[in-house]
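Below is entry_34.pdb, which holds PDB, C-alpha atoms.
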```pdb
ATOM      1  CA  SER C  25     -79.098   5.389 -75.755
ATOM      2  CA  PHE C  26     -82.478   6.817 -74.983
ATOM      3  CA  CYS C  27     -85.361   4.366 -74.681
ATOM      4  CA  SER C  28     -89.080   4.588 -74.228
ATOM      5  CA  TYR C  29     -91.137   1.715 -72.890
ATOM      6  CA  THR C  30     -94.838   1.201 -73.304
ATOM      7  CA  SER C  31     -97.023  -1.506 -71.882
ATOM      8  CA  THR C  32     -99.494  -3.047 -74.282
ATOM      9  CA  SER C  33    -101.017  -5.642 -71.966
ATOM     10  CA  ASN C  34    -103.970  -5.604 -69.630
ATOM     11  CA  GLU C  35    -102.614  -4.757 -66.170
ATOM     12  CA  ASP C  36    -105.075  -7.185 -64.552
ATOM     13  CA  GLU C  37    -103.696 -10.206 -66.419
ATOM     14  CA  GLU C  38    -101.615 -12.434 -64.206
ATOM     15  CA  SER C  39     -99.473 -15.219 -65.568
ATOM     16  CA  SER C  40     -96.596 -17.158 -64.057
ATOM     17  CA  SER C  41     -95.220 -18.273 -67.411
ATOM     18  CA  HIS C  42     -94.865 -16.526 -70.711
ATOM     19  CA  PRO C  43     -95.330 -18.810 -73.712
ATOM     20  CA  PRO C  44     -94.063 -17.568 -77.061
ATOM     21  CA  LEU C  45     -96.267 -14.950 -78.644
ATOM     22  CA  PRO C  46     -98.230 -15.795 -81.769
ATOM     23  CA  ASP C  47     -96.854 -13.968 -84.802
ATOM     24  CA  ASN C  48     -99.719 -11.451 -84.785
ATOM     25  CA  ALA C  49     -99.839 -10.803 -80.997
ATOM     26  CA  ALA C  50     -98.688  -7.534 -79.427
ATOM     27  CA  PRO C  51     -95.892  -7.794 -76.836
ATOM     28  CA  SER C  52     -96.601  -6.939 -73.184
ATOM     29  CA  ILE C  53     -93.682  -4.521 -73.131
ATOM     30  CA  LYS C  54     -92.391  -2.667 -76.133
ATOM     31  CA  ALA C  55     -89.081  -0.808 -75.954
ATOM     32  CA  THR C  56     -88.326   1.778 -78.590
ATOM     33  CA  ILE C  57     -84.622   2.509 -78.853
ATOM     34  CA  LEU C  58     -83.521   6.002 -79.885
ATOM     35  CA  ASP C  59     -79.960   7.229 -80.239
ATOM     36  CA  TYR C  60     -77.997  10.036 -81.825
ATOM     37  CA  GLU C  61     -75.889   7.439 -83.646
ATOM     38  CA  GLU C  62     -78.288   5.721 -86.021
ATOM     39  CA  GLY C  63     -75.841   2.833 -86.478
ATOM     40  CA  TRP C  64     -77.096   1.362 -83.211
ATOM     41  CA  GLY C  65     -80.319   0.472 -85.020
ATOM     42  CA  ASP C  66     -78.683  -2.618 -86.500
ATOM     43  CA  LEU C  67     -78.227  -4.075 -83.003
ATOM     44  CA  VAL C  68     -81.816  -3.776 -81.833
ATOM     45  CA  GLN C  69     -82.979  -7.209 -83.027
ATOM     46  CA  ALA C  70     -79.986  -8.825 -81.315
ATOM     47  CA  MET C  71     -80.936  -6.903 -78.148
ATOM     48  CA  THR C  72     -84.491  -8.241 -78.395
ATOM     49  CA  ASN C  73     -83.265 -11.811 -78.785
ATOM     50  CA  SER C  74     -80.787 -11.490 -75.921
ATOM     51  CA  THR C  75     -83.302  -9.861 -73.579
ATOM     52  CA  GLN C  76     -85.981 -12.442 -74.321
ATOM     53  CA  HIS C  77     -83.491 -15.257 -73.751
ATOM     54  CA  THR C  78     -82.044 -13.779 -70.537
ATOM     55  CA  LEU C  79     -85.431 -12.990 -69.025
ATOM     56  CA  GLN C  80     -86.991 -16.147 -70.468
ATOM     57  CA  ASN C  81     -89.867 -13.983 -71.581
ATOM     58  CA  SER C  82     -90.959 -13.535 -75.165
ATOM     59  CA  ASN C  83     -93.653 -11.001 -74.248
ATOM     60  CA  LEU C  84     -91.356  -8.063 -74.930
ATOM     61  CA  ALA C  85     -89.964  -6.475 -78.029
ATOM     62  CA  CYS C  86     -87.346  -3.870 -78.877
ATOM     63  CA  ASP C  87     -87.693  -1.695 -81.966
ATOM     64  CA  TRP C  88     -85.416   0.905 -83.479
ATOM     65  CA  GLY C  89     -87.241   4.239 -83.226
ATOM     66  CA  GLY C  90     -84.740   6.518 -84.907
ATOM     67  CA  LYS C  91     -82.506   9.405 -84.072
ATOM     68  CA  CYS C  92     -82.644  11.362 -80.822
ATOM     69  CA  ASP C  93     -80.444  14.320 -79.908
ATOM     70  CA  ILE C  94     -80.657  15.186 -76.207
ATOM     71  CA  THR C  95     -78.769  18.446 -76.830
ATOM     72  CA  GLN C  96     -81.637  19.886 -78.915
ATOM     73  CA  SER C  97     -85.243  20.764 -78.157
ATOM     74  CA  ILE C  98     -87.677  17.879 -78.483
ATOM     75  CA  TYR C  99     -89.230  19.951 -81.285
ATOM     76  CA  HIS C 100     -85.972  19.889 -83.299
ATOM     77  CA  PRO C 101     -86.216  17.778 -86.498
ATOM     78  CA  SER C 102     -83.653  15.313 -85.125
ATOM     79  CA  ASN C 103     -86.111  14.466 -82.325
ATOM     80  CA  THR C 104     -89.217  13.769 -84.411
ATOM     81  CA  ALA C 105     -89.220  10.094 -83.407
ATOM     82  CA  CYS C 106     -88.974  10.954 -79.715
ATOM     83  CA  LEU C 107     -91.707  13.578 -79.903
ATOM     84  CA  SER C 108     -94.040  11.019 -81.481
ATOM     85  CA  LEU C 109     -93.663   8.772 -78.394
ATOM     86  CA  VAL C 110     -94.375  11.377 -75.701
ATOM     87  CA  ASN C 111     -98.083  10.584 -75.364
ATOM     88  CA  SER C 112     -97.699   6.803 -75.242
ATOM     89  CA  THR C 113     -94.568   6.210 -73.176
ATOM     90  CA  GLN C 114     -94.677   5.249 -69.519
ATOM     91  CA  LEU C 115     -90.972   4.656 -68.809
ATOM     92  CA  TRP C 116     -88.053   6.595 -70.259
ATOM     93  CA  THR C 117     -84.428   5.604 -69.743
ATOM     94  CA  CYS C 118     -81.363   7.616 -70.608
ATOM     95  CA  GLN C 119     -78.288   5.462 -70.311
ATOM     96  CA  TYR C 120     -74.780   6.910 -70.116
ATOM     97  CA  CYS C 121     -75.243   9.793 -72.535
ATOM     98  CA  VAL C 122     -75.698  12.752 -70.168
ATOM     99  CA  ALA C 123     -72.063  13.041 -69.047
ATOM    100  CA  GLU C 124     -70.650  12.658 -72.546
ATOM    101  CA  ASN C 125     -72.859  15.534 -73.711
ATOM    102  CA  ALA C 126     -72.348  17.681 -70.602
ATOM    103  CA  ASN C 127     -71.100  20.831 -72.332
ATOM    104  CA  LEU C 128     -73.815  20.856 -74.994
ATOM    105  CA  LEU C 129     -76.508  20.081 -72.427
ATOM    106  CA  GLN C 130     -75.326  22.968 -70.254
ATOM    107  CA  GLU C 131     -75.226  25.319 -73.262
ATOM    108  CA  SER C 132     -78.770  24.294 -74.215
ATOM    109  CA  LYS C 133     -79.932  24.700 -70.597
ATOM    110  CA  TYR C 134     -81.117  21.073 -70.753
ATOM    111  CA  ILE C 135     -83.854  22.074 -73.207
ATOM    112  CA  PHE C 136     -84.514  18.497 -74.339
ATOM    113  CA  PHE C 137     -85.206  17.295 -70.812
ATOM    114  CA  HIS C 138     -87.200  20.410 -69.948
ATOM    115  CA  ASP C 139     -89.412  19.801 -73.000
ATOM    116  CA  LEU C 140     -89.664  16.052 -72.393
ATOM    117  CA  PHE C 141     -90.586  16.423 -68.727
ATOM    118  CA  LYS C 142     -93.206  19.027 -69.563
ATOM    119  CA  LEU C 143     -94.796  17.082 -72.424
ATOM    120  CA  SER C 144     -94.699  13.579 -70.961
ATOM    121  CA  GLN C 145     -97.844  12.006 -69.627
ATOM    122  CA  GLU C 146     -98.696  12.108 -65.944
ATOM    123  CA  GLY C 147     -97.148   9.173 -64.111
ATOM    124  CA  SER C 148     -94.254   8.821 -66.556
ATOM    125  CA  ILE C 149     -91.064   7.523 -64.984
ATOM    126  CA  PHE C 150     -87.565   8.572 -66.015
ATOM    127  CA  VAL C 151     -84.376   6.669 -65.158
ATOM    128  CA  LEU C 152     -81.131   8.494 -65.933
ATOM    129  CA  SER C 153     -77.960   6.438 -65.408
ATOM    130  CA  GLU C 154     -74.375   7.655 -65.351
ATOM    131  CA  VAL C 155     -71.063   6.233 -64.192
ATOM    132  CA  HIS C 156     -70.149   9.623 -62.712
ATOM    133  CA  PRO C 157     -73.348  11.511 -61.860
ATOM    134  CA  ARG C 158     -71.701  14.917 -61.619
ATOM    135  CA  LEU C 159     -74.576  16.623 -63.455
ATOM    136  CA  TRP C 160     -77.295  15.529 -61.036
ATOM    137  CA  PRO C 161     -77.113  18.853 -59.136
ATOM    138  CA  GLU C 162     -77.817  20.688 -62.410
ATOM    139  CA  PHE C 163     -80.719  18.357 -63.230
ATOM    140  CA  TYR C 164     -82.061  18.902 -59.739
ATOM    141  CA  LYS C 165     -81.835  22.673 -60.233
ATOM    142  CA  LEU C 166     -83.704  22.377 -63.556
ATOM    143  CA  ILE C 167     -86.409  20.350 -61.854
ATOM    144  CA  GLN C 168     -86.632  22.759 -58.909
ATOM    145  CA  GLU C 169     -86.914  25.820 -61.131
ATOM    146  CA  GLU C 170     -88.795  24.558 -64.175
ATOM    147  CA  CYS C 171     -90.456  21.228 -63.377
ATOM    148  CA  PRO C 172     -91.647  21.222 -59.749
ATOM    149  CA  TYR C 173     -94.260  18.601 -60.616
ATOM    150  CA  MET C 174     -91.530  15.916 -60.691
ATOM    151  CA  GLN C 175     -90.743  13.494 -57.866
ATOM    152  CA  VAL C 176     -87.005  12.827 -57.442
ATOM    153  CA  GLY C 177     -85.144   9.839 -56.029
ATOM    154  CA  PHE C 178     -81.838   8.032 -56.383
ATOM    155  CA  ASN C 179     -80.654   4.469 -56.098
ATOM    156  CA  LYS C 180     -78.363   3.805 -53.150
ATOM    157  CA  ASN C 181     -75.094   4.794 -54.871
ATOM    158  CA  GLY C 182     -76.515   7.852 -56.621
ATOM    159  CA  ARG C 183     -75.639   6.735 -60.155
ATOM    160  CA  GLN C 184     -79.258   6.599 -61.223
ATOM    161  CA  MET C 185     -81.580   9.547 -60.908
ATOM    162  CA  LEU C 186     -85.190   8.448 -60.768
ATOM    163  CA  LEU C 187     -87.954  10.872 -61.675
ATOM    164  CA  ARG C 188     -91.713  10.525 -61.753
ATOM    165  CA  LYS C 189     -94.059  13.073 -63.209
ATOM    166  CA  SER C 190     -96.975  13.866 -60.964
ATOM    167  CA  ARG C 191     -99.756  16.312 -61.731
ATOM    168  CA  GLY C 192     -98.215  19.312 -63.429
ATOM    169  CA  VAL C 193     -98.468  21.517 -66.446
ATOM    170  CA  ASP C 194    -100.474  20.688 -69.528
ATOM    171  CA  ASP C 195     -99.866  22.281 -72.919
ATOM    172  CA  GLY C 196     -97.920  25.154 -71.398
ATOM    173  CA  ALA C 197    -100.720  26.338 -69.122
ATOM    174  CA  GLU C 198     -99.808  26.402 -65.467
ATOM    175  CA  ASP C 199    -102.177  24.957 -62.925
ATOM    176  CA  GLU C 200    -102.171  24.624 -59.177
ATOM    177  CA  GLY C 201     -99.983  21.493 -59.366
ATOM    178  CA  SER C 202     -97.145  23.333 -61.068
ATOM    179  CA  SER C 203     -96.478  25.532 -58.044
ATOM    180  CA  ARG C 204     -96.320  22.627 -55.616
ATOM    181  CA  PRO C 205     -92.960  22.108 -53.875
ATOM    182  CA  LEU C 206     -90.601  19.565 -55.399
ATOM    183  CA  MET C 207     -90.943  16.103 -53.878
ATOM    184  CA  ILE C 208     -87.640  14.602 -52.668
ATOM    185  CA  SER C 209     -86.647  12.771 -49.501
ATOM    186  CA  ASP C 210     -84.042  14.192 -47.131
ATOM    187  CA  LYS C 211     -81.780  11.190 -47.869
ATOM    188  CA  ASP C 212     -81.956  11.854 -51.617
ATOM    189  CA  ARG C 213     -81.518  15.602 -51.178
ATOM    190  CA  ARG C 214     -78.084  14.887 -49.686
ATOM    191  CA  LEU C 215     -77.042  13.249 -52.988
ATOM    192  CA  VAL C 216     -77.436  16.532 -54.842
TER     193      VAL C 216
END
```

Translate this structure into structure tokens?
Amino acid sequence: SFCSYTSTSNEDEESSSHPPLPDNAAPSIKATILDYEEGWGDLVQAMTNSTQHTLQNSNLACDWGGKCDITQSIYHPSNTACLSLVNSTQLWTCQYCVAENANLLQESKYIFFHDLFKLSQEGSIFVLSEVHPRLWPEFYKLIQEECPYMQVGFNKNGRQMLLRKSRGVDDGAEDEGSSRPLMISDKDRRLV
């Protein structure tokens, strides 16, 4: 699955408890679920209920956003829903779909991720999770060559690649931030 998360609350609000939302109130966190297999859409309400129950927090919501094909450009018709979220999403997660699409991603030269990284808003965070992160070196190469405005990190076992977009390119025009060296710690560099 591919998810986008947006925050709809005031960042200065502090609350130790989260009472149920009124029917017309916006959630603090909204997750939009996208997937190549549209059948997953039927499970999104159950995911919302389970997440709210587990976290004991009703200030979040999950919605089905539609189809997303990470093997195609973000401009491809199958990625219309994803493209519509680029300007409003702060956190993107890609869970266990990179390895299963390895051949098609390699053939496409990771065009979806190249496009997404380039178009996403400054400060966007990306979490890519895999059981066997064998493609992280290729992602790192893509970022080194095409997206040097990204910060790179890993969790301690290397199964999650964490990316953050810092100042970079805007609408295809290069600026001084796009030629800046890639930001990665020595510890994380050893994982690629």

Requested in this report: Could you state which residues are captured by the PyMOL selection byres ((chain C and resi 145) around 12) in this file, as a VMD selection string?
Outcome: chain C and resid 30 109 to 116 139 to 144 146 to 150 173 to 174 188 to 195

Result set of the PyMOL selection byres ((chain C and resi 61) around 10) on the coordinates above, as a short mmCIF file (atom, residue, chain, number, x, y, z; two decimals) with C-alpha atoms, in the frame of the given file:
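What ended up in result.cif:
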```cif
data_model
loop_
_atom_site.label_atom_id
_atom_site.label_comp_id
_atom_site.auth_asym_id
_atom_site.auth_seq_id
_atom_site.Cartn_x
_atom_site.Cartn_y
_atom_site.Cartn_z
CA SER C 25 -79.10 5.39 -75.76
CA LEU C 58 -83.52 6.00 -79.89
CA ASP C 59 -79.96 7.23 -80.24
CA TYR C 60 -78.00 10.04 -81.82
CA GLU C 62 -78.29 5.72 -86.02
CA GLY C 63 -75.84 2.83 -86.48
CA TRP C 64 -77.10 1.36 -83.21
CA GLY C 65 -80.32 0.47 -85.02
CA GLY C 90 -84.74 6.52 -84.91
CA LYS C 91 -82.51 9.40 -84.07
CA CYS C 92 -82.64 11.36 -80.82
CA ASP C 93 -80.44 14.32 -79.91
#
```

Near Arg213 of chain C, within 10 Å and counting only C-alpha atoms, which residues show up once chain neighbours fewer than 3 positions away are dropped, as a compact mmCIF listing (two decimals) with C-alpha atoms, keeping the file's coordinate frame?
```
# COMPACT_ATOMS: atom_id res chain seq x y z
CA PRO C 161 -77.11 18.85 -59.14
CA TYR C 164 -82.06 18.90 -59.74
CA VAL C 176 -87.00 12.83 -57.44
CA GLY C 177 -85.14 9.84 -56.03
CA PHE C 178 -81.84 8.03 -56.38
CA MET C 207 -90.94 16.10 -53.88
CA ILE C 208 -87.64 14.60 -52.67
CA SER C 209 -86.65 12.77 -49.50
CA ASP C 210 -84.04 14.19 -47.13
CA VAL C 216 -77.44 16.53 -54.84
```

Query raised in the report: Taking into account all atoms listed in the file, which residue in the set C:Ser97, C:Ser74, C:Asn179, C:Thr117 is nearest to Thr56 of chain C?
Result: C:Thr117

Query raised in the report: the PyMOL selection byres ((chain C and resi 129) around 12) on the file shown: which residues, as a PyMOL selection string?
Result: chain C and resi 93-97+121-128+130-138+159+162-163+166

Query raised in the report: Separation of atom CA of Met71 of chain C and atom CA of Asn83 of chain C, in Å?
Result: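 So the answer is 13.9 Å.
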
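Each of C:Val155, C:Cys118, C:Ile98, C:Ala55 was compared to Asn181 of chain C using only C-alpha atoms, and C:Val155 turns out to be the nearest.
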
Report task. Find the distance between atom CA of Leu79 of chain C and atom CA of Ile53 of chain C and write it in Å to one decimal. Result ->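 Atom-to-atom, atom CA of Leu79 of chain C to atom CA of Ile53 of chain C, that is 12.5 Å.
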
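Distance-wise, atom CA of Thr75 of chain C and atom CA of Gly89 of chain C end up 17.5 Å apart.
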